[in-house]
file data.cif (mmCIF, N, CA and C atoms)
data_data
#
loop_
_atom_site.label_atom_id
_atom_site.label_comp_id
_atom_site.auth_asym_id
_atom_site.auth_seq_id
_atom_site.Cartn_x
_atom_site.Cartn_y
_atom_site.Cartn_z
N MET I 309 -21.93 18.03 19.71
CA MET I 309 -21.56 16.71 20.14
C MET I 309 -22.68 15.74 19.75
N GLN I 310 -22.27 14.62 19.19
CA GLN I 310 -23.23 13.58 18.82
C GLN I 310 -22.86 12.29 19.53
N ARG I 311 -23.89 11.52 19.89
CA ARG I 311 -23.68 10.23 20.55
C ARG I 311 -24.31 9.14 19.70
N TYR I 312 -23.59 8.04 19.58
CA TYR I 312 -24.08 6.88 18.84
C TYR I 312 -23.89 5.65 19.70
N LEU I 313 -24.76 4.69 19.54
CA LEU I 313 -24.64 3.42 20.24
C LEU I 313 -24.33 2.35 19.21
N SER I 314 -23.21 1.67 19.41
CA SER I 314 -22.83 0.57 18.54
C SER I 314 -23.03 -0.72 19.32
N LYS I 315 -23.69 -1.67 18.71
CA LYS I 315 -23.95 -2.94 19.39
C LYS I 315 -23.04 -4.07 18.91
N SER I 316 -22.12 -3.74 17.97
CA SER I 316 -21.23 -4.77 17.44
C SER I 316 -20.02 -4.10 16.78
N PRO I 317 -18.94 -4.86 16.59
CA PRO I 317 -17.80 -4.32 15.83
C PRO I 317 -18.21 -3.86 14.43
N GLU I 318 -19.13 -4.56 13.81
CA GLU I 318 -19.59 -4.18 12.47
C GLU I 318 -20.25 -2.80 12.48
N GLU I 319 -21.03 -2.53 13.53
CA GLU I 319 -21.67 -1.20 13.63
C GLU I 319 -20.61 -0.13 13.91
N THR I 320 -19.58 -0.47 14.65
CA THR I 320 -18.49 0.48 14.89
C THR I 320 -17.78 0.80 13.59
N VAL I 321 -17.54 -0.21 12.76
CA VAL I 321 -16.94 0.00 11.43
C VAL I 321 -17.84 0.93 10.61
N GLU I 322 -19.15 0.72 10.65
CA GLU I 322 -20.08 1.56 9.89
C GLU I 322 -20.00 3.02 10.34
N ILE I 323 -19.89 3.25 11.63
CA ILE I 323 -19.75 4.63 12.13
C ILE I 323 -18.43 5.21 11.62
N GLY I 324 -17.37 4.42 11.64
CA GLY I 324 -16.09 4.87 11.09
C GLY I 324 -16.20 5.22 9.62
N GLU I 325 -16.94 4.41 8.86
CA GLU I 325 -17.15 4.70 7.43
C GLU I 325 -17.86 6.03 7.24
N LYS I 326 -18.86 6.30 8.08
CA LYS I 326 -19.57 7.58 7.98
C LYS I 326 -18.63 8.75 8.26
N ILE I 327 -17.77 8.57 9.24
CA ILE I 327 -16.77 9.61 9.54
C ILE I 327 -15.84 9.78 8.34
N GLY I 328 -15.36 8.66 7.80
CA GLY I 328 -14.44 8.70 6.67
C GLY I 328 -15.01 9.38 5.44
N LYS I 329 -16.32 9.27 5.26
CA LYS I 329 -16.97 9.91 4.11
C LYS I 329 -17.12 11.42 4.29
N LYS I 330 -17.08 11.89 5.54
CA LYS I 330 -17.28 13.31 5.83
C LYS I 330 -15.98 14.10 5.94
N ILE I 331 -14.87 13.42 6.19
CA ILE I 331 -13.62 14.15 6.41
C ILE I 331 -12.93 14.43 5.08
N GLY I 332 -12.09 15.42 5.11
CA GLY I 332 -11.32 15.77 3.93
C GLY I 332 -9.83 15.79 4.22
N ARG I 333 -9.11 16.10 3.20
CA ARG I 333 -7.66 16.18 3.27
C ARG I 333 -7.23 17.04 4.47
N GLY I 334 -6.26 16.57 5.23
CA GLY I 334 -5.72 17.33 6.35
C GLY I 334 -6.46 17.17 7.66
N ALA I 335 -7.48 16.33 7.70
CA ALA I 335 -8.24 16.14 8.94
C ALA I 335 -7.39 15.41 9.98
N THR I 336 -7.54 15.83 11.22
CA THR I 336 -6.90 15.17 12.34
C THR I 336 -7.99 14.67 13.27
N ILE I 337 -7.91 13.39 13.63
CA ILE I 337 -8.91 12.78 14.50
C ILE I 337 -8.22 12.25 15.74
N LEU I 338 -8.68 12.70 16.88
CA LEU I 338 -8.17 12.23 18.17
C LEU I 338 -9.13 11.15 18.67
N LEU I 339 -8.62 9.94 18.86
CA LEU I 339 -9.44 8.82 19.34
C LEU I 339 -9.08 8.51 20.78
N SER I 340 -10.06 8.45 21.64
CA SER I 340 -9.79 8.05 23.02
C SER I 340 -10.78 6.99 23.46
N GLY I 341 -10.36 6.22 24.42
CA GLY I 341 -11.17 5.12 24.95
C GLY I 341 -10.25 4.09 25.58
N ALA I 342 -10.82 3.26 26.41
CA ALA I 342 -10.03 2.25 27.12
C ALA I 342 -9.47 1.22 26.14
N LEU I 343 -8.49 0.46 26.62
CA LEU I 343 -7.98 -0.67 25.83
C LEU I 343 -9.14 -1.58 25.47
N GLY I 344 -9.20 -2.00 24.22
CA GLY I 344 -10.25 -2.91 23.79
C GLY I 344 -11.59 -2.28 23.52
N SER I 345 -11.63 -0.95 23.50
CA SER I 345 -12.92 -0.28 23.29
C SER I 345 -13.35 -0.24 21.83
N GLY I 346 -12.42 -0.45 20.92
CA GLY I 346 -12.78 -0.47 19.50
C GLY I 346 -12.20 0.67 18.68
N LYS I 347 -11.15 1.30 19.17
CA LYS I 347 -10.54 2.41 18.44
C LYS I 347 -10.03 1.97 17.07
N THR I 348 -9.29 0.89 17.03
CA THR I 348 -8.76 0.40 15.75
C THR I 348 -9.89 -0.09 14.85
N VAL I 349 -10.93 -0.65 15.43
CA VAL I 349 -12.10 -1.08 14.64
C VAL I 349 -12.72 0.13 13.93
N LEU I 350 -12.83 1.25 14.64
CA LEU I 350 -13.36 2.47 14.06
C LEU I 350 -12.46 2.96 12.92
N VAL I 351 -11.14 2.87 13.12
CA VAL I 351 -10.19 3.29 12.08
C VAL I 351 -10.36 2.43 10.83
N ARG I 352 -10.69 1.15 11.00
CA ARG I 352 -10.94 0.28 9.83
C ARG I 352 -12.07 0.85 8.97
N GLY I 353 -13.10 1.37 9.63
CA GLY I 353 -14.21 1.98 8.89
C GLY I 353 -13.79 3.24 8.16
N ILE I 354 -13.00 4.07 8.83
CA ILE I 354 -12.50 5.30 8.19
C ILE I 354 -11.67 4.92 6.96
N ALA I 355 -10.78 3.94 7.13
CA ALA I 355 -9.93 3.49 6.02
C ALA I 355 -10.76 2.95 4.86
N SER I 356 -11.79 2.20 5.18
CA SER I 356 -12.67 1.65 4.15
C SER I 356 -13.31 2.76 3.32
N ALA I 357 -13.77 3.80 3.99
CA ALA I 357 -14.40 4.93 3.29
C ALA I 357 -13.41 5.66 2.40
N LEU I 358 -12.13 5.56 2.72
CA LEU I 358 -11.09 6.22 1.93
C LEU I 358 -10.57 5.32 0.81
N GLY I 359 -11.19 4.16 0.65
CA GLY I 359 -10.79 3.25 -0.42
C GLY I 359 -9.55 2.44 -0.10
N ILE I 360 -9.23 2.31 1.16
CA ILE I 360 -8.05 1.54 1.57
C ILE I 360 -8.49 0.09 1.76
N SER I 361 -7.89 -0.79 1.00
CA SER I 361 -8.27 -2.21 1.08
C SER I 361 -7.34 -3.00 2.00
N GLU I 362 -6.19 -2.43 2.31
CA GLU I 362 -5.24 -3.10 3.20
C GLU I 362 -5.85 -3.24 4.60
N ARG I 363 -5.57 -4.34 5.26
CA ARG I 363 -6.10 -4.58 6.61
C ARG I 363 -5.46 -3.62 7.61
N VAL I 364 -6.29 -2.88 8.31
CA VAL I 364 -5.81 -1.94 9.33
C VAL I 364 -5.63 -2.69 10.64
N THR I 365 -4.44 -2.57 11.19
CA THR I 365 -4.14 -3.19 12.47
C THR I 365 -3.63 -2.13 13.43
N SER I 366 -3.64 -2.45 14.71
CA SER I 366 -3.19 -1.50 15.71
C SER I 366 -1.68 -1.29 15.60
N PRO I 367 -1.25 -0.02 15.52
CA PRO I 367 0.19 0.25 15.45
C PRO I 367 0.83 0.41 16.83
N SER I 368 0.36 -0.37 17.81
CA SER I 368 0.86 -0.23 19.19
C SER I 368 2.37 -0.35 19.30
N PHE I 369 2.97 -1.23 18.51
CA PHE I 369 4.42 -1.43 18.63
C PHE I 369 5.20 -0.64 17.61
N THR I 370 4.60 -0.36 16.45
CA THR I 370 5.28 0.43 15.43
C THR I 370 5.03 1.93 15.64
N LEU I 371 4.02 2.27 16.39
CA LEU I 371 3.56 3.62 16.72
C LEU I 371 2.84 4.32 15.57
N ILE I 372 3.32 4.14 14.31
CA ILE I 372 2.67 4.80 13.18
C ILE I 372 2.56 3.82 12.02
N SER I 373 1.36 3.72 11.45
CA SER I 373 1.14 2.96 10.22
C SER I 373 0.63 3.92 9.17
N VAL I 374 1.02 3.69 7.92
CA VAL I 374 0.58 4.54 6.82
C VAL I 374 -0.17 3.68 5.81
N TYR I 375 -1.32 4.18 5.38
CA TYR I 375 -2.14 3.49 4.38
C TYR I 375 -2.43 4.46 3.25
N ARG I 376 -2.50 3.94 2.04
CA ARG I 376 -2.76 4.79 0.90
C ARG I 376 -4.09 4.42 0.26
N GLY I 377 -4.90 5.46 0.06
CA GLY I 377 -6.20 5.32 -0.58
C GLY I 377 -6.53 6.64 -1.26
N LYS I 378 -7.77 7.07 -1.15
CA LYS I 378 -8.16 8.38 -1.69
C LYS I 378 -7.24 9.47 -1.15
N TYR I 379 -6.95 9.37 0.13
CA TYR I 379 -5.96 10.22 0.80
C TYR I 379 -5.02 9.31 1.56
N GLU I 380 -3.86 9.83 1.87
CA GLU I 380 -2.93 9.08 2.72
C GLU I 380 -3.47 9.13 4.15
N LEU I 381 -3.49 7.99 4.81
CA LEU I 381 -4.00 7.89 6.18
C LEU I 381 -2.87 7.45 7.11
N TYR I 382 -2.59 8.29 8.09
CA TYR I 382 -1.63 7.94 9.13
C TYR I 382 -2.42 7.50 10.35
N HIS I 383 -2.13 6.30 10.82
CA HIS I 383 -2.77 5.75 12.02
C HIS I 383 -1.69 5.71 13.09
N VAL I 384 -1.85 6.53 14.11
CA VAL I 384 -0.85 6.71 15.15
C VAL I 384 -1.39 6.16 16.46
N ASP I 385 -0.57 5.42 17.18
CA ASP I 385 -0.97 4.88 18.48
C ASP I 385 0.05 5.33 19.52
N LEU I 386 -0.40 6.18 20.44
CA LEU I 386 0.51 6.75 21.45
C LEU I 386 0.37 6.08 22.81
N TYR I 387 -0.16 4.87 22.84
CA TYR I 387 -0.36 4.17 24.11
C TYR I 387 0.94 4.09 24.91
N ARG I 388 2.04 3.84 24.24
CA ARG I 388 3.33 3.64 24.92
C ARG I 388 4.07 4.95 25.20
N ILE I 389 3.51 6.07 24.78
CA ILE I 389 4.13 7.38 24.97
C ILE I 389 3.69 7.95 26.32
N GLU I 390 4.67 8.46 27.06
CA GLU I 390 4.37 9.02 28.39
C GLU I 390 4.28 10.55 28.38
N ARG I 391 5.13 11.20 27.55
CA ARG I 391 5.22 12.66 27.58
C ARG I 391 5.15 13.23 26.16
N VAL I 392 4.69 14.47 26.05
CA VAL I 392 4.58 15.14 24.75
C VAL I 392 5.92 15.18 24.04
N ASP I 393 7.01 15.44 24.76
CA ASP I 393 8.31 15.56 24.09
C ASP I 393 8.77 14.25 23.44
N GLU I 394 8.19 13.13 23.82
CA GLU I 394 8.55 11.85 23.21
C GLU I 394 8.08 11.75 21.75
N VAL I 395 7.09 12.53 21.37
CA VAL I 395 6.58 12.44 20.00
C VAL I 395 7.41 13.24 19.01
N GLU I 396 8.30 14.09 19.50
CA GLU I 396 9.13 14.89 18.61
C GLU I 396 9.93 14.02 17.66
N ASP I 397 10.47 12.92 18.15
CA ASP I 397 11.28 12.02 17.33
C ASP I 397 10.45 11.24 16.31
N LEU I 398 9.15 11.21 16.48
CA LEU I 398 8.29 10.48 15.55
C LEU I 398 8.02 11.25 14.25
N GLY I 399 8.31 12.54 14.26
CA GLY I 399 8.00 13.36 13.09
C GLY I 399 6.52 13.69 12.99
N LEU I 400 5.83 13.66 14.12
CA LEU I 400 4.38 13.87 14.12
C LEU I 400 4.01 15.27 13.62
N GLU I 401 4.81 16.25 13.93
CA GLU I 401 4.51 17.61 13.47
C GLU I 401 4.49 17.67 11.95
N ASP I 402 5.45 17.01 11.30
CA ASP I 402 5.48 16.96 9.84
C ASP I 402 4.26 16.23 9.29
N ILE I 403 3.88 15.14 9.96
CA ILE I 403 2.72 14.36 9.53
C ILE I 403 1.46 15.21 9.63
N LEU I 404 1.32 15.94 10.74
CA LEU I 404 0.14 16.78 10.93
C LEU I 404 0.04 17.89 9.89
N ASN I 405 1.18 18.32 9.36
CA ASN I 405 1.20 19.39 8.37
C ASN I 405 1.29 18.88 6.94
N SER I 406 1.14 17.58 6.74
CA SER I 406 1.34 16.98 5.42
C SER I 406 0.11 17.03 4.51
N GLY I 407 -1.04 17.38 5.06
CA GLY I 407 -2.27 17.34 4.27
C GLY I 407 -2.91 15.97 4.25
N SER I 408 -2.29 15.02 4.93
CA SER I 408 -2.85 13.67 5.04
C SER I 408 -3.90 13.64 6.14
N ILE I 409 -4.66 12.56 6.17
CA ILE I 409 -5.58 12.33 7.28
C ILE I 409 -4.79 11.63 8.38
N VAL I 410 -4.92 12.13 9.60
CA VAL I 410 -4.17 11.59 10.72
C VAL I 410 -5.15 11.19 11.82
N VAL I 411 -5.13 9.92 12.19
CA VAL I 411 -5.97 9.41 13.27
C VAL I 411 -5.02 9.00 14.40
N ILE I 412 -5.23 9.57 15.58
CA ILE I 412 -4.32 9.36 16.70
C ILE I 412 -5.05 8.70 17.86
N GLU I 413 -4.70 7.44 18.13
CA GLU I 413 -5.21 6.76 19.32
C GLU I 413 -4.40 7.24 20.52
N TRP I 414 -5.08 7.44 21.63
CA TRP I 414 -4.47 7.96 22.86
C TRP I 414 -3.94 9.37 22.64
N GLY I 415 -4.54 10.10 21.71
CA GLY I 415 -4.11 11.45 21.38
C GLY I 415 -4.32 12.46 22.49
N GLU I 416 -5.15 12.10 23.47
CA GLU I 416 -5.36 13.04 24.58
C GLU I 416 -4.05 13.31 25.32
N LYS I 417 -3.07 12.42 25.18
CA LYS I 417 -1.76 12.62 25.82
C LYS I 417 -1.01 13.80 25.23
N ILE I 418 -1.34 14.15 23.99
CA ILE I 418 -0.64 15.25 23.32
C ILE I 418 -1.62 16.32 22.83
N ARG I 419 -2.78 16.40 23.43
CA ARG I 419 -3.82 17.33 22.98
C ARG I 419 -3.29 18.75 22.83
N SER I 420 -2.35 19.13 23.67
CA SER I 420 -1.83 20.50 23.65
C SER I 420 -1.11 20.85 22.35
N ILE I 421 -0.65 19.86 21.59
CA ILE I 421 0.06 20.16 20.34
C ILE I 421 -0.77 19.83 19.09
N LEU I 422 -1.99 19.38 19.29
CA LEU I 422 -2.85 19.04 18.16
C LEU I 422 -3.60 20.28 17.67
N PRO I 423 -4.01 20.28 16.41
CA PRO I 423 -4.76 21.43 15.88
C PRO I 423 -6.05 21.66 16.67
N ASP I 424 -6.43 22.92 16.80
CA ASP I 424 -7.66 23.27 17.53
C ASP I 424 -8.90 22.67 16.88
N ASP I 425 -8.85 22.48 15.56
CA ASP I 425 -10.03 21.99 14.85
C ASP I 425 -10.05 20.47 14.69
N CYS I 426 -9.27 19.76 15.49
CA CYS I 426 -9.27 18.30 15.33
C CYS I 426 -10.61 17.73 15.79
N ILE I 427 -10.96 16.65 15.15
CA ILE I 427 -12.19 15.93 15.46
C ILE I 427 -11.89 15.02 16.65
N GLU I 428 -12.78 14.99 17.61
CA GLU I 428 -12.57 14.14 18.78
C GLU I 428 -13.61 13.03 18.82
N VAL I 429 -13.13 11.81 19.01
CA VAL I 429 -14.00 10.64 19.10
C VAL I 429 -13.65 9.90 20.38
N ASN I 430 -14.64 9.73 21.23
CA ASN I 430 -14.44 8.98 22.46
C ASN I 430 -15.32 7.74 22.42
N ILE I 431 -14.71 6.59 22.69
CA ILE I 431 -15.45 5.33 22.67
C ILE I 431 -15.49 4.77 24.09
N ASN I 432 -16.70 4.61 24.60
CA ASN I 432 -16.89 4.07 25.95
C ASN I 432 -17.48 2.67 25.87
N ILE I 433 -16.92 1.74 26.61
CA ILE I 433 -17.45 0.39 26.68
C ILE I 433 -18.68 0.42 27.59
N LYS I 434 -19.82 -0.02 27.05
CA LYS I 434 -21.05 -0.08 27.85
C LYS I 434 -21.18 -1.47 28.47
N SER I 435 -21.23 -2.49 27.63
CA SER I 435 -21.28 -3.88 28.10
C SER I 435 -21.04 -4.79 26.90
N GLY I 436 -20.39 -5.90 27.11
CA GLY I 436 -20.13 -6.84 26.01
C GLY I 436 -19.54 -6.13 24.81
N GLU I 437 -20.25 -6.18 23.69
CA GLU I 437 -19.78 -5.51 22.47
C GLU I 437 -20.40 -4.13 22.29
N GLU I 438 -21.24 -3.71 23.21
CA GLU I 438 -21.92 -2.43 23.09
C GLU I 438 -20.99 -1.28 23.46
N ARG I 439 -20.96 -0.27 22.57
CA ARG I 439 -20.11 0.90 22.76
C ARG I 439 -20.91 2.18 22.56
N GLU I 440 -20.60 3.18 23.37
CA GLU I 440 -21.12 4.52 23.15
C GLU I 440 -20.00 5.31 22.47
N ILE I 441 -20.32 5.89 21.32
CA ILE I 441 -19.33 6.63 20.55
C ILE I 441 -19.77 8.09 20.53
N ILE I 442 -18.91 8.95 21.06
CA ILE I 442 -19.22 10.38 21.17
C ILE I 442 -18.32 11.14 20.21
N LEU I 443 -18.94 11.93 19.34
CA LEU I 443 -18.21 12.71 18.33
C LEU I 443 -18.29 14.19 18.65
N LYS I 444 -17.15 14.87 18.53
CA LYS I 444 -17.08 16.33 18.66
C LYS I 444 -16.34 16.86 17.45
N GLY I 445 -16.89 17.87 16.82
CA GLY I 445 -16.22 18.50 15.69
C GLY I 445 -16.62 17.93 14.34
N ILE I 446 -17.58 17.03 14.31
CA ILE I 446 -18.06 16.47 13.05
C ILE I 446 -19.50 15.98 13.25
N SER I 447 -20.29 16.10 12.20
CA SER I 447 -21.64 15.53 12.20
C SER I 447 -21.70 14.50 11.09
N ILE I 448 -22.24 13.33 11.42
CA ILE I 448 -22.34 12.28 10.41
C ILE I 448 -23.80 11.89 10.20
#

call {"tool": "encode", "arguments": {"input": "data.cif", "output": "C-alpha cells"}}
result
Amino acid sequence: MQRYLSKSPEETVEIGEKIGKKIGRGATILLSGALGSGKTVLVRGIASALGISERVTSPSFTLISVYRGKYELYHVDLYRIERVDEVEDLGLEDILNSGSIVVIEWGEKIRSILPDDCIEVNINIKSGEEREIILKGISI
C-alpha cells in the first residue's frame, strides 16, 4: 500500500498519469472516495498517460464512457447503482474480459465480482483541495 498527498487537482492528475504509465492491457482499477474527492480528476491523468486527448468527464448519468488511446479505456461510474445484479444489463462482465483498461468509480459496490488482482485507489478529502490517495496493487 502506498500513500500520496495531493495538494491540487493538477497533482491528482499527475498521480493518475503515473498510474496510467504503469498499467497494461486488461487492468481493472477500483476507485473509491466521497463525492467531489477527485476520482474523475485522477481518471483524467490515467487517460492522459494512455494518449487520450478527449476530455474525460464523469459518466454519472451515462454510467459508462469509452475513450480510445494506446488502449481502450472504459470509465464506469456506479454511483447510481444499488445492487450487484443491476450491473448485469450494463455488459460489465464483457468489458472486464475485453482486454481494455477499466476504471470503476464506486466499484466497492460490486467488489465481489471484480478480478482479485484489481488495483484499488481510495481518495480521501483532507481539507480544501488536499487529498490523500491510497494505492493498493500498484507501485508508482

call {"tool": "resolve_selection", "arguments": {"input": "data.cif", "expression": "the PyMOL selection byres ((chain I and resi 313) around 8)", "output": "number ranges by chain"}}
result
I: 310-312, 314-316, 319-320, 438-442

call {"tool": "resolve_selection", "arguments": {"input": "data.cif", "expression": "the PyMOL selection byres ((chain I and resi 388) around 8)", "output": "PDB file with N, CA and C atoms, in the coordinates of the input"}}
result
ATOM      1  N   SER I 368       0.360  -0.370  17.810  1.00  0.00           N
ATOM      2  CA  SER I 368       0.860  -0.230  19.190  1.00  0.00           C
ATOM      3  C   SER I 368       2.370  -0.350  19.300  1.00  0.00           C
ATOM      4  N   PHE I 369       2.970  -1.230  18.510  1.00  0.00           N
ATOM      5  CA  PHE I 369       4.420  -1.430  18.630  1.00  0.00           C
ATOM      6  C   PHE I 369       5.200  -0.640  17.610  1.00  0.00           C
ATOM      7  N   LEU I 371       4.020   2.270  16.390  1.00  0.00           N
ATOM      8  CA  LEU I 371       3.560   3.620  16.720  1.00  0.00           C
ATOM      9  C   LEU I 371       2.840   4.320  15.570  1.00  0.00           C
ATOM     10  N   ASP I 385      -0.570   5.420  17.180  1.00  0.00           N
ATOM     11  CA  ASP I 385      -0.970   4.880  18.480  1.00  0.00           C
ATOM     12  C   ASP I 385       0.050   5.330  19.520  1.00  0.00           C
ATOM     13  N   LEU I 386      -0.400   6.180  20.440  1.00  0.00           N
ATOM     14  CA  LEU I 386       0.510   6.750  21.450  1.00  0.00           C
ATOM     15  C   LEU I 386       0.370   6.080  22.810  1.00  0.00           C
ATOM     16  N   TYR I 387      -0.160   4.870  22.840  1.00  0.00           N
ATOM     17  CA  TYR I 387      -0.360   4.170  24.110  1.00  0.00           C
ATOM     18  C   TYR I 387       0.940   4.090  24.910  1.00  0.00           C
ATOM     19  N   ILE I 389       3.510   6.070  24.780  1.00  0.00           N
ATOM     20  CA  ILE I 389       4.130   7.380  24.970  1.00  0.00           C
ATOM     21  C   ILE I 389       3.690   7.950  26.320  1.00  0.00           C
ATOM     22  N   GLU I 390       4.670   8.460  27.060  1.00  0.00           N
ATOM     23  CA  GLU I 390       4.370   9.020  28.390  1.00  0.00           C
ATOM     24  C   GLU I 390       4.280  10.550  28.380  1.00  0.00           C
ATOM     25  N   ARG I 391       5.130  11.200  27.550  1.00  0.00           N
ATOM     26  CA  ARG I 391       5.220  12.660  27.580  1.00  0.00           C
ATOM     27  C   ARG I 391       5.150  13.230  26.160  1.00  0.00           C
ATOM     28  N   TRP I 414      -5.080   7.440  21.630  1.00  0.00           N
ATOM     29  CA  TRP I 414      -4.470   7.960  22.860  1.00  0.00           C
ATOM     30  C   TRP I 414      -3.940   9.370  22.640  1.00  0.00           C
TER      31      TRP I 414
END

call {"tool": "closest_residue", "arguments": {"input": "data.cif", "among": "I:Val364, I:Ile372, I:Leu443, I:Ile433", "to": "Ala342 of chain I", "atoms": "all atoms listed in the file"}}
result
I:Ile433

call {"tool": "closest_residue", "arguments": {"input": "data.cif", "among": "I:Ser345, I:Ile421, I:Ile354, I:Asp397", "to": "Val321 of chain I", "atoms": "only C-alpha atoms"}}
result
I:Ile354

call {"tool": "atom_distance", "arguments": {"input": "data.cif", "atom1": "atom CA of Gly436 of chain I", "atom2": "atom CA of Thr365 of chain I"}}
result
21.3 Å

call {"tool": "residues_near_point", "arguments": {"input": "data.cif", "point": "(-4.7, 8.8, 8.9)", "cutoff": "5 Å", "atoms": "only N, CA and C atoms", "output": "list in words"}}
result
Glu380, Leu381, Tyr382, His383, Ile409, Val410 and Val411 of chain I

call {"tool": "atom_distance", "arguments": {"input": "data.cif", "atom1": "atom C of Cys426 of chain I", "atom2": "atom C of Ser361 of chain I"}}
result
25.1 Å

call {"tool": "resolve_selection", "arguments": {"input": "data.cif", "expression": "the PyMOL selection byres ((chain I and resi 329) around 8)", "output": "PyMOL selection string"}}
result
chain I and resi 323-328+330-332+353-358

call {"tool": "atom_distance", "arguments": {"input": "data.cif", "atom1": "atom N of Ser373 of chain I", "atom2": "atom C of Ile448 of chain I"}}
result
26.5 Å

call {"tool": "residues_around", "arguments": {"input": "data.cif", "residues": "Ile418 of chain I", "least_positions_apart": "5", "cutoff": "12 Å", "atoms": "only C-alpha atoms", "output": "short mmCIF file (atom, residue, chain, number, x, y, z; two decimals) with N, CA and C atoms, keeping the file's coordinate frame"}}
result
data_model
loop_
_atom_site.label_atom_id
_atom_site.label_comp_id
_atom_site.auth_asym_id
_atom_site.auth_seq_id
_atom_site.Cartn_x
_atom_site.Cartn_y
_atom_site.Cartn_z
N LEU I 338 -8.68 12.70 16.88
CA LEU I 338 -8.17 12.23 18.17
C LEU I 338 -9.13 11.15 18.67
N LEU I 339 -8.62 9.94 18.86
CA LEU I 339 -9.44 8.82 19.34
C LEU I 339 -9.08 8.51 20.78
N SER I 340 -10.06 8.45 21.64
CA SER I 340 -9.79 8.05 23.02
C SER I 340 -10.78 6.99 23.46
N VAL I 384 -1.85 6.53 14.11
CA VAL I 384 -0.85 6.71 15.15
C VAL I 384 -1.39 6.16 16.46
N ASP I 385 -0.57 5.42 17.18
CA ASP I 385 -0.97 4.88 18.48
C ASP I 385 0.05 5.33 19.52
N LEU I 386 -0.40 6.18 20.44
CA LEU I 386 0.51 6.75 21.45
C LEU I 386 0.37 6.08 22.81
N TYR I 387 -0.16 4.87 22.84
CA TYR I 387 -0.36 4.17 24.11
C TYR I 387 0.94 4.09 24.91
N ILE I 389 3.51 6.07 24.78
CA ILE I 389 4.13 7.38 24.97
C ILE I 389 3.69 7.95 26.32
N GLU I 390 4.67 8.46 27.06
CA GLU I 390 4.37 9.02 28.39
C GLU I 390 4.28 10.55 28.38
N ARG I 391 5.13 11.20 27.55
CA ARG I 391 5.22 12.66 27.58
C ARG I 391 5.15 13.23 26.16
N VAL I 392 4.69 14.47 26.05
CA VAL I 392 4.58 15.14 24.75
C VAL I 392 5.92 15.18 24.04
N ASP I 393 7.01 15.44 24.76
CA ASP I 393 8.31 15.56 24.09
C ASP I 393 8.77 14.25 23.44
N GLU I 394 8.19 13.13 23.82
CA GLU I 394 8.55 11.85 23.21
C GLU I 394 8.08 11.75 21.75
N VAL I 395 7.09 12.53 21.37
CA VAL I 395 6.58 12.44 20.00
C VAL I 395 7.41 13.24 19.01
N GLU I 396 8.30 14.09 19.50
CA GLU I 396 9.13 14.89 18.61
C GLU I 396 9.93 14.02 17.66
N LEU I 400 5.83 13.66 14.12
CA LEU I 400 4.38 13.87 14.12
C LEU I 400 4.01 15.27 13.62
N GLU I 401 4.81 16.25 13.93
CA GLU I 401 4.51 17.61 13.47
C GLU I 401 4.49 17.67 11.95
N ILE I 412 -5.23 9.57 15.58
CA ILE I 412 -4.32 9.36 16.70
C ILE I 412 -5.05 8.70 17.86
N GLU I 413 -4.70 7.44 18.13
CA GLU I 413 -5.21 6.76 19.32
C GLU I 413 -4.40 7.24 20.52
N PRO I 423 -4.01 20.28 16.41
CA PRO I 423 -4.76 21.43 15.88
C PRO I 423 -6.05 21.66 16.67
#

call {"tool": "select_by_dssp", "arguments": {"input": "data.cif", "residues": "segment 311-440 of chain I", "states": "strand (DSSP E or B)", "output": "PyMOL selection string"}}
result
chain I and resi 311-314+336-341+372-376+380-385+409-413+427-435+438-440

call {"tool": "axis_aligned_box", "arguments": {"input": "data.cif", "around": "segment 418-436 of chain I", "padding_each_side": "5 Å", "output": "lines of an AutoDock Vina configuration file"}}
result
center_x = -10.6
center_y = 8.2
center_z = 21.6
size_x = 31.3
size_y = 40.1
size_z = 23.8

call {"tool": "closest_residue", "arguments": {"input": "data.cif", "among": "I:Gly377, I:Gly359, I:Gly407, I:Gly346", "to": "Asn432 of chain I", "atoms": "only C-alpha atoms"}}
result
I:Gly346

call {"tool": "closest_residue", "arguments": {"input": "data.cif", "among": "I:Leu404, I:Val349, I:Ile431, I:Ile446", "to": "Gly334 of chain I", "atoms": "only N, CA and C atoms"}}
result
I:Leu404

call {"tool": "select_by_dssp", "arguments": {"input": "data.cif", "residues": "chain I", "states": "alpha helix (DSSP H)", "output": "ChimeraX atom specification"}}
result
/I:317-330,347-357,400-404

call {"tool": "closest_residue", "arguments": {"input": "data.cif", "among": "I:Ser406, I:Ser366, I:Thr336, I:Ser420", "to": "Leu350 of chain I", "atoms": "only C-alpha atoms"}}
result
I:Ser366

call {"tool": "closest_residue", "arguments": {"input": "data.cif", "among": "I:Ala335, I:Pro317, I:Leu422, I:Glu437", "to": "Ser408 of chain I", "atoms": "only C-alpha atoms"}}
result
I:Ala335
